[in-house]
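One file, query.cif, is given below (mmCIF, C-alpha atoms and all ligand atoms).
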```cif
data_final
loop_
_atom_site.label_atom_id
_atom_site.label_comp_id
_atom_site.auth_asym_id
_atom_site.auth_seq_id
_atom_site.Cartn_x
_atom_site.Cartn_y
_atom_site.Cartn_z
CA MET L 1 97.01 80.78 113.21
CA GLU L 2 98.96 83.22 111.03
CA ARG L 3 100.04 82.38 107.46
CA ILE L 4 102.80 84.75 106.44
CA LEU L 5 104.09 85.70 103.01
CA VAL L 6 107.61 87.18 102.77
CA ILE L 7 108.39 88.87 99.44
CA GLY L 8 112.11 89.42 98.82
CA ALA L 9 113.06 86.46 101.03
CA ALA L 10 116.47 85.98 99.38
CA GLY L 11 117.65 89.46 100.34
CA GLN L 12 119.70 90.80 103.23
CA ILE L 13 116.70 91.22 105.55
CA GLY L 14 114.44 88.50 104.14
CA SER L 15 117.00 85.72 104.55
CA GLU L 16 117.10 86.36 108.32
CA LEU L 17 113.51 87.49 108.91
CA VAL L 18 112.05 84.29 107.37
CA THR L 19 113.97 82.14 109.85
CA ALA L 20 112.86 84.27 112.81
CA LEU L 21 109.23 84.21 111.65
CA ARG L 22 109.36 80.43 111.15
CA THR L 23 110.64 79.97 114.70
CA LEU L 24 107.68 81.99 115.93
CA HIS L 25 104.86 80.76 113.67
CA GLY L 26 106.04 77.33 112.44
CA ASN L 27 108.04 76.49 109.30
CA GLU L 28 104.98 75.51 107.26
CA ASN L 29 103.23 78.86 107.92
CA VAL L 30 105.89 81.18 106.52
CA PHE L 31 105.96 81.35 102.71
CA ALA L 32 109.31 82.60 101.37
CA THR L 33 109.17 84.13 97.86
CA ASP L 34 111.58 85.99 95.63
CA LEU L 35 112.57 86.50 92.00
CA ARG L 36 115.66 84.37 92.67
CA GLU L 37 116.62 81.31 94.72
CA VAL L 38 116.73 81.73 98.51
CA PRO L 39 119.57 80.34 100.69
CA LYS L 40 119.45 76.53 101.13
CA ASP L 41 118.30 76.56 104.78
CA ILE L 42 115.23 78.63 103.89
CA LYS L 43 114.36 76.53 100.85
CA GLU L 44 114.64 73.28 102.76
CA ALA L 45 112.87 74.30 105.98
CA GLY L 46 109.54 75.52 104.59
CA PRO L 47 107.52 76.67 101.57
CA PHE L 48 109.38 78.62 98.86
CA ALA L 49 108.26 79.90 95.44
CA ILE L 50 109.66 82.10 92.72
CA LEU L 51 107.18 85.00 92.62
CA ASP L 52 107.40 88.43 91.00
CA VAL L 53 105.65 91.05 93.16
CA MET L 54 105.09 93.12 89.99
CA ASP L 55 102.85 90.35 88.60
CA ASP L 56 99.70 91.38 90.46
CA LYS L 57 97.56 88.54 89.09
CA ARG L 58 99.90 85.74 90.17
CA LEU L 59 100.45 87.53 93.46
CA ILE L 60 96.75 87.62 94.33
CA HIS L 61 96.30 83.97 93.30
CA TYR L 62 99.21 82.96 95.50
CA VAL L 63 97.82 84.91 98.47
CA ILE L 64 94.33 83.42 98.13
CA ARG L 65 95.55 79.86 97.44
CA HIS L 66 97.74 79.84 100.54
CA LYS L 67 95.24 81.71 102.75
CA ILE L 68 97.84 84.36 103.62
CA THR L 69 97.04 86.58 106.64
CA GLN L 70 100.18 88.77 106.82
CA ILE L 71 102.60 90.07 104.17
CA TYR L 72 106.15 91.33 104.64
CA HIS L 73 107.01 93.17 101.41
CA LEU L 74 110.81 93.53 101.24
CA ALA L 75 111.47 93.73 97.49
CA ALA L 76 112.96 97.07 96.39
CA VAL L 77 115.84 98.71 94.53
CA LEU L 78 118.18 100.25 97.13
CA SER L 79 119.77 103.71 97.08
CA GLY L 80 123.02 103.07 95.16
CA ASN L 81 121.44 100.89 92.48
CA ALA L 82 118.42 103.20 92.17
CA GLU L 83 120.63 106.14 91.15
CA LYS L 84 121.88 104.09 88.16
CA LEU L 85 118.35 103.49 86.76
CA PRO L 86 116.10 106.06 88.46
CA LEU L 87 112.86 105.54 86.52
CA GLN L 88 113.08 101.76 86.68
CA ALA L 89 113.75 101.94 90.44
CA TRP L 90 110.82 104.31 90.94
CA HIS L 91 108.53 101.95 88.99
CA ILE L 92 109.57 98.84 90.94
CA ASN L 93 109.53 100.50 94.37
CA MET L 94 106.16 102.22 93.89
CA GLN L 95 104.19 99.72 91.81
CA SER L 96 105.16 96.78 94.01
CA LEU L 97 103.93 98.62 97.12
CA LEU L 98 100.69 99.66 95.40
CA ASN L 99 100.11 96.03 94.33
CA ILE L 100 100.41 94.95 97.97
CA LEU L 101 98.29 97.76 99.44
CA ASP L 102 95.53 97.21 96.88
CA LEU L 103 95.59 93.46 97.50
CA ALA L 104 95.31 94.03 101.28
CA LYS L 105 92.29 96.26 100.66
CA GLU L 106 90.59 93.57 98.51
CA VAL L 107 91.48 90.26 100.21
CA GLU L 108 89.67 89.97 103.53
CA ASP L 109 91.99 87.31 105.01
CA VAL L 110 95.01 89.63 104.75
CA LYS L 111 95.04 91.48 108.06
CA LYS L 112 98.51 93.03 108.36
CA ILE L 113 101.27 94.33 106.11
CA PHE L 114 104.90 95.20 106.84
CA TRP L 115 106.71 97.48 104.39
CA PRO L 116 110.13 98.94 105.22
CA SER L 117 110.86 102.61 104.83
CA SER L 118 114.35 104.05 105.33
CA ILE L 119 116.38 106.92 106.77
CA ALA L 120 116.51 107.86 103.05
CA VAL L 121 113.19 109.74 103.49
CA PHE L 122 115.33 112.49 105.01
CA GLY L 123 117.40 114.88 102.90
CA PRO L 124 119.94 117.70 103.03
CA THR L 125 117.48 120.13 104.71
CA THR L 126 116.67 117.71 107.56
CA PRO L 127 118.36 118.29 110.96
CA GLN L 128 121.21 115.73 110.75
CA LYS L 129 121.79 114.96 114.42
CA ASN L 130 119.20 113.12 116.50
CA THR L 131 116.74 113.53 113.61
CA PRO L 132 113.19 113.71 115.04
CA GLN L 133 110.26 111.50 114.01
CA LEU L 134 108.43 114.44 112.52
CA THR L 135 110.69 116.85 110.65
CA ILE L 136 111.60 118.15 107.19
CA THR L 137 111.58 115.33 104.60
CA GLU L 138 113.03 116.57 101.31
CA PRO L 139 114.99 113.56 99.98
CA SER L 140 117.39 114.15 97.09
CA THR L 141 117.67 110.52 95.88
CA VAL L 142 115.16 108.56 93.79
CA TYR L 143 115.21 105.84 96.46
CA GLY L 144 114.38 108.39 99.18
CA ILE L 145 111.62 109.93 97.08
CA SER L 146 110.12 106.44 96.56
CA LYS L 147 110.29 105.70 100.32
CA LEU L 148 108.68 109.04 101.21
CA ALA L 149 105.90 108.52 98.63
CA GLY L 150 105.52 104.94 99.94
CA GLU L 151 105.02 106.24 103.49
CA ARG L 152 102.34 108.64 102.26
CA TRP L 153 100.56 105.77 100.42
CA CYS L 154 100.71 103.55 103.54
CA GLU L 155 99.12 106.25 105.66
CA TYR L 156 96.51 106.89 102.95
CA PHE L 157 95.49 103.20 102.76
CA TYR L 158 95.29 103.05 106.56
CA LYS L 159 93.10 106.16 106.84
CA ARG L 160 90.95 105.56 103.78
CA TYR L 161 90.55 101.75 103.78
CA ASN L 162 91.67 100.72 107.29
CA VAL L 163 94.56 98.65 105.88
CA ASP L 164 96.80 97.77 108.86
CA VAL L 165 100.20 98.56 107.34
CA ARG L 166 103.21 99.08 109.60
CA SER L 167 106.63 100.45 108.78
CA ILE L 168 110.08 101.18 110.15
CA ARG L 169 112.55 103.69 108.72
CA TYR L 170 115.49 101.29 108.92
CA PRO L 171 118.99 102.71 109.24
CA GLY L 172 121.83 100.85 107.45
CA LEU L 173 121.57 97.18 108.37
CA ILE L 174 124.64 95.09 109.13
CA SER L 175 124.65 91.30 108.71
CA TYR L 176 126.72 88.43 107.32
CA LYS L 177 124.21 85.82 106.11
CA THR L 178 123.73 87.34 102.65
CA GLU L 179 125.40 90.23 100.87
CA ALA L 180 124.02 93.77 101.14
CA GLY L 181 121.70 94.72 98.27
CA GLY L 182 123.23 97.80 96.59
CA GLY L 183 122.78 100.57 99.16
CA THR L 184 124.91 103.42 100.46
CA THR L 185 125.41 101.85 103.90
CA ASP L 186 126.78 98.62 102.32
CA TYR L 187 130.35 99.63 103.19
CA ALA L 188 129.62 98.62 106.80
CA VAL L 189 128.98 95.04 105.60
CA GLU L 190 131.70 94.83 102.91
CA ILE L 191 134.38 96.03 105.33
CA PHE L 192 134.01 92.86 107.44
CA TYR L 193 134.35 90.54 104.43
CA GLU L 194 137.45 92.37 103.21
CA ALA L 195 138.96 92.57 106.71
CA VAL L 196 138.70 88.77 107.06
CA LYS L 197 139.64 87.93 103.43
CA SER L 198 142.47 90.36 102.71
CA GLY L 199 143.08 92.49 105.81
CA LYS L 200 142.36 95.72 103.89
CA TYR L 201 139.39 97.69 102.59
CA ASN L 202 138.99 100.58 100.15
CA CYS L 203 135.92 102.46 101.44
CA PHE L 204 133.57 104.27 99.03
CA LEU L 205 132.65 106.82 101.75
CA SER L 206 135.03 109.31 103.38
CA GLU L 207 136.46 108.59 106.82
CA ASN L 208 134.28 110.97 108.83
CA THR L 209 130.88 110.14 107.29
CA ALA L 210 128.65 109.31 110.26
CA LEU L 211 125.51 107.28 109.51
CA PRO L 212 122.91 105.49 111.64
CA MET L 213 123.31 101.68 111.51
CA MET L 214 121.85 98.59 113.17
CA PHE L 215 122.86 94.96 113.63
CA MET L 216 120.41 92.64 111.83
CA GLU L 217 119.40 90.75 114.97
CA ASP L 218 118.14 94.04 116.48
CA ALA L 219 116.36 94.97 113.24
CA VAL L 220 114.58 91.60 112.98
CA ASN L 221 113.52 91.74 116.64
CA ALA L 222 112.23 95.30 116.22
CA THR L 223 110.29 94.34 113.08
CA ILE L 224 108.60 91.39 114.76
CA LYS L 225 107.86 93.43 117.88
CA LEU L 226 106.19 96.13 115.78
CA MET L 227 104.11 93.54 113.91
CA GLU L 228 103.08 91.70 117.10
CA SER L 229 101.99 94.90 118.90
CA PRO L 230 98.28 95.55 119.40
CA LYS L 231 96.82 97.79 116.71
CA GLU L 232 95.94 100.57 119.16
CA LYS L 233 99.64 100.98 120.08
CA ILE L 234 100.57 101.90 116.53
CA LEU L 235 100.21 105.67 116.29
CA VAL L 236 102.50 106.30 113.30
CA HIS L 237 101.13 104.96 110.02
CA SER L 238 103.91 106.27 107.77
CA GLY L 239 107.23 104.94 109.14
CA TYR L 240 108.74 104.79 112.64
CA ASN L 241 112.21 106.25 113.22
CA VAL L 242 114.57 103.53 114.48
CA GLY L 243 118.09 104.68 115.30
CA GLY L 244 120.47 101.93 116.36
CA ILE L 245 124.10 103.00 116.52
CA SER L 246 125.91 105.81 114.78
CA PHE L 247 129.53 105.66 113.60
CA THR L 248 131.94 106.68 110.84
CA PRO L 249 134.06 104.38 108.62
CA LYS L 250 137.11 105.48 110.62
CA GLN L 251 135.51 104.52 113.94
CA LEU L 252 134.43 101.15 112.53
CA ALA L 253 137.93 100.50 111.19
CA GLU L 254 139.37 101.30 114.67
CA GLU L 255 136.99 98.78 116.21
CA ILE L 256 137.97 96.11 113.65
CA LYS L 257 141.65 96.82 114.42
CA THR L 258 141.08 95.73 118.03
CA HIS L 259 140.52 92.22 116.55
CA ILE L 260 142.73 92.41 113.43
CA PRO L 261 145.62 94.76 114.38
CA ASN L 262 147.08 94.89 110.85
CA PHE L 263 143.78 95.83 109.19
CA LYS L 264 144.23 98.76 106.76
CA ILE L 265 141.52 101.07 105.42
CA SER L 266 141.79 103.53 102.53
CA TYR L 267 139.17 105.98 101.25
CA GLN L 268 137.98 106.59 97.70
CA PRO L 269 134.56 108.27 97.87
CA ASP L 270 132.30 107.69 94.85
CA PHE L 271 128.76 108.82 93.89
CA ARG L 272 127.40 107.32 97.13
CA GLN L 273 129.22 110.01 99.18
CA ALA L 274 126.63 112.63 98.11
CA ILE L 275 123.82 110.27 99.15
CA ALA L 276 125.40 109.65 102.55
CA ASP L 277 125.99 113.40 103.04
CA SER L 278 122.27 114.02 102.53
CA TRP L 279 121.21 111.52 105.24
CA PRO L 280 121.02 111.93 109.03
CA GLN L 281 124.01 111.11 111.22
CA SER L 282 121.88 109.86 114.11
CA ILE L 283 118.18 109.25 114.71
CA ASP L 284 115.77 109.99 117.57
CA ASP L 285 113.59 106.89 118.00
CA THR L 286 111.82 107.88 121.22
CA GLN L 287 108.38 107.44 119.65
CA ALA L 288 109.06 103.80 118.66
CA GLN L 289 110.29 103.14 122.23
CA THR L 290 107.19 104.75 123.75
CA ASP L 291 104.53 103.37 121.38
CA TRP L 292 105.58 99.73 121.01
CA GLY L 293 108.70 99.24 123.14
CA LEU L 294 111.58 99.33 120.64
CA GLU L 295 114.75 97.85 122.18
CA THR L 296 118.21 97.36 120.69
CA LYS L 297 121.05 95.34 122.21
CA HIS L 298 124.12 95.77 120.01
CA ASP L 299 126.56 98.65 120.26
CA ILE L 300 129.51 98.95 117.83
CA LYS L 301 131.60 96.55 119.94
CA ALA L 302 128.99 93.78 120.21
CA MET L 303 128.09 94.16 116.53
CA THR L 304 131.76 93.98 115.41
CA ASN L 305 132.35 90.87 117.55
CA LYS L 306 129.41 89.02 116.02
CA MET L 307 130.16 90.18 112.48
CA LEU L 308 133.77 89.02 112.58
CA GLN L 309 132.76 85.70 114.13
CA GLY L 310 130.02 85.18 111.52
CA VAL L 311 132.17 86.12 108.51
CA LYS L 312 135.09 83.96 109.73
CA GLN L 313 132.72 81.02 110.13
CA LYS L 314 131.49 81.57 106.57
CA PHE L 315 135.07 81.31 105.30
CA ASN L 316 135.80 78.40 107.69
CA GLN L 317 138.57 80.34 109.42
P1 LIG B 401 117.94 93.20 99.13
O1 LIG B 401 118.23 93.89 97.85
O2 LIG B 401 119.02 92.49 99.83
O3 LIG B 401 116.73 92.19 98.93
C1 LIG B 401 115.61 92.49 98.16
C2 LIG B 401 115.11 91.20 97.56
O4 LIG B 401 113.97 91.50 96.74
C3 LIG B 401 116.14 90.54 96.63
O5 LIG B 401 116.37 89.19 97.03
C4 LIG B 401 115.51 90.59 95.24
O6 LIG B 401 115.78 89.45 94.45
C5 LIG B 401 114.03 90.68 95.60
N1 LIG B 401 113.24 91.28 94.53
C6 LIG B 401 113.58 92.32 93.72
N2 LIG B 401 112.60 92.55 92.84
C7 LIG B 401 111.63 91.65 93.10
C8 LIG B 401 110.37 91.39 92.50
N3 LIG B 401 109.94 92.10 91.45
N4 LIG B 401 109.61 90.39 93.01
C9 LIG B 401 110.06 89.64 94.07
N5 LIG B 401 111.25 89.84 94.66
C10 LIG B 401 112.03 90.84 94.17
O7 LIG B 401 117.27 94.30 100.09
P2 LIG B 401 117.22 94.31 101.68
O8 LIG B 401 118.44 94.98 102.16
O9 LIG B 401 116.85 92.98 102.19
O10 LIG B 401 116.03 95.35 101.89
C11 LIG B 401 114.69 94.94 102.00
C12 LIG B 401 113.82 96.17 102.18
O11 LIG B 401 114.26 96.93 103.32
C13 LIG B 401 113.84 97.15 101.01
O12 LIG B 401 112.57 97.76 100.90
C14 LIG B 401 114.84 98.20 101.45
O13 LIG B 401 114.59 99.44 100.84
C15 LIG B 401 114.55 98.25 102.93
N6 LIG B 401 115.68 98.78 103.69
C16 LIG B 401 116.85 98.07 103.76
C17 LIG B 401 117.91 98.57 104.48
C18 LIG B 401 119.22 97.84 104.59
O14 LIG B 401 120.19 98.40 105.11
N7 LIG B 401 119.29 96.59 104.15
C19 LIG B 401 117.79 99.83 105.12
C20 LIG B 401 116.60 100.54 104.98
C21 LIG B 401 115.54 100.00 104.29
C1 LIG B 402 120.66 101.97 101.52
O1 LIG B 402 121.81 102.33 101.83
O2 LIG B 402 120.13 102.19 100.43
C2 LIG B 402 119.88 101.24 102.57
C3 LIG B 402 119.04 102.19 103.35
C4 LIG B 402 119.62 102.90 104.51
O3 LIG B 402 117.90 102.39 103.04
N1 LIG B 402 120.77 100.50 103.38
#
```

Mind turning the file's structure into structure tokens?
Amino acid sequence: MERILVIGAAGQIGSELVTALRTLHGNENVFATDLREVPKDIKEAGPFAILDVMDDKRLIHYVIRHKITQIYHLAAVLSGNAEKLPLQAWHINMQSLLNILDLAKEVEDVKKIFWPSSIAVFGPTTPQKNTPQLTITEPSTVYGISKLAGERWCEYFYKRYNVDVRSIRYPGLISYKTEAGGGTTDYAVEIFYEAVKSGKYNCFLSENTALPMMFMEDAVNATIKLMESPKEKILVHSGYNVGGISFTPKQLAEEIKTHIPNFKISYQPDFRQAIADSWPQSIDDTQAQTDWGLETKHDIKAMTNKMLQGVKQKFNQ
């Protein structure tokens, strides 16, 4: 029986991944932790604790006390926020990962780790269209540098200490359960809230900025599929490319207009435009499909349908 620790359970991914993992492994076997309170459904359905991943001593006690066998480490400072406090973001993103990798090396019961990488490992010198798994990685953001270094550390711990750590380079993730956490792709979440609330949105990226994105349900399914795959199927020990769908703010606004005809979008690019310009426009994820059977179900239409339904439900409309 697996006993799973999720760190960063209150966040955009954690708040949905915990529920999916509890359905699979039983409520009592999935331990949700974060620096802050988690949504009510997560707190009430199973174990929850306030836990700081930077506090390595409390972390190791928690893991041993609860006989944890798998860890999903989701705590990080995302791209937009990281540019505001680069050294602090570097410290949190790197030290938290090193705490987890070192713990997995020392604690025998811990058999598997998930740590998310990002399309942010790529930079302005990377081929931007259909970006291959193995290509130039020269990120120009502190977040991207921390994700690239993190991938190198994951591969190092796998090769040197046989730590089974698995990773996906997520594209921008789109969901409605909790707010997005301070990234560059957040516009594709905010736009739905504003469309429903006020019928207009002022976008911080320019109209033709194409980025790879994915609906959360697809991301959660992919993550669990990767983690459930037999060890011998996992051939990439840094981070797997996962592509999803690719669109621009203008294309997304057009799609929203098919549901809300009076929806209006304006554009006022800020510092996040330079980050977006340095990232790929679309991703080649053939290797994830071949190695462990990556599948995605939502195109821009299906994603927009579910997002508008979900956000409207949140506002009781
Ligand atoms: P988020 O910001 O929504 O959630 C992160 C959570 O970690 C927050 O609830 C925060 O309170 C918690 N946290 C921060 N510091 C902590 C600490 N010291 N100890 C314990 N918890 C702490 O982020 P997210 O969008 O859910 O992203 C999760 C992971 O996935 C991150 O590593 C991120 O880089 C990666 N990722 C996310 C996306 C995306 O679009 N959401 C895309 C690519 C990669
Ligand atoms: C961000 O924009 O920082 C994240 C990511 C793609 O890593 N959503």

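Compared by their closest atoms to ligand LIG 401 (chain B), and using only C-alpha atoms and all ligand atoms, the residues L:Ile42, L:Ala180, L:Met307, L:Val18 rank with L:Ala180 nearest.
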
Using only C-alpha atoms and all ligand atoms, which protein or nucleic acid residues are at most 6 Å from ligand LIG 401 (chain B), as a PyMOL selection string? chain L and resi 7-14+34-36+51-54+74-76+78+116-118+170-173+180-181

Hey, which residues come within 9 Å of ligand LIG 402 (chain B) if we count all atoms listed in the file? Could you give them as a PyMOL selection string? chain L and resi 77-82+116-121+143-144+147+169-174+180-186+211-213+272+275-276+279

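Between atom CA of L:Asp284 and atom CA of L:Thr131 lies a distance of 5.4 Å.
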
Find the residue from L:Ser175, L:Ser266, L:Thr209, L:Gln95 that sits nearest to L:Thr304; use only C-alpha atoms when measuring. L:Ser175

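The closest residue to L:Pro86, picked from L:Ile224, L:Ala149, L:Val196, L:Val142 and counting all atoms listed in the file, is L:Val142.
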
Extract, using all atoms listed in the file, all DNA, RNA and protein residues at most 8 Å from L:Ile234, discarding same-chain residues fewer than 4 positions from it, and format them as a PDB file with C-alpha atoms, keeping the file's coordinate frame.
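Everything below was put into result_16.pdb:
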```
ATOM      1  CA  ARG L 166     103.210  99.080 109.600  1.00  0.00           C
ATOM      2  CA  SER L 229     101.990  94.900 118.900  1.00  0.00           C
ATOM      3  CA  PRO L 230      98.280  95.550 119.400  1.00  0.00           C
ATOM      4  CA  ASP L 291     104.530 103.370 121.380  1.00  0.00           C
ATOM      5  CA  TRP L 292     105.580  99.730 121.010  1.00  0.00           C
TER       6      TRP L 292
END
```

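The two atoms in question, atom CA of L:Leu294 and atom CA of L:Met214, are spaced 12.7 Å apart.
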
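Picture a line from atom CA of L:Gly150 to atom CA of L:Ala222; it runs 20.1 Å.
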
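The closest residue to L:Thr23, picked from L:Tyr240, L:Gly46, L:Phe114, L:Ala188 and counting only C-alpha atoms, is L:Gly46.
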
Would you kindly return, as a JSON list (two decimals) with C-alpha atoms, in the coordinates of the input, each protein, DNA or RNA residue with an atom no farther than 8 Å from any atom of L:Leu205, considering only C-alpha atoms and excluding same-chain residues fewer than 4 positions away?
```json
[["chain", "number", "residue", "atom", "x", "y", "z"],
["L", 187, "TYR", "CA", 130.35, 99.63, 103.19],
["L", 209, "THR", "CA", 130.88, 110.14, 107.29],
["L", 249, "PRO", "CA", 134.06, 104.38, 108.62],
["L", 267, "TYR", "CA", 139.17, 105.98, 101.25],
["L", 268, "GLN", "CA", 137.98, 106.59, 97.70],
["L", 269, "PRO", "CA", 134.56, 108.27, 97.87],
["L", 270, "ASP", "CA", 132.30, 107.69, 94.85],
["L", 272, "ARG", "CA", 127.40, 107.32, 97.13],
["L", 273, "GLN", "CA", 129.22, 110.01, 99.18],
["L", 276, "ALA", "CA", 125.40, 109.65, 102.55]]
```

If we count only C-alpha atoms, what is near L:Lys314 at a cut-off of 12 Å, once residues fewer than 6 positions away on the same chain are taken out, given as an NGL selection string? :L and (176-178 or 192-193 or 196-197 or 307-308)

Looking at L:His25, L:Leu59, L:Phe122, L:Leu87, which one is nearest to L:Ser282, with distances taken over all atoms listed in the file? L:Phe122

For a quick check of understanding, using only C-alpha atoms, which of L:Gln133, L:Arg3, L:Cys203, L:Thr290 has the smallest distance to L:Val189? L:Cys203
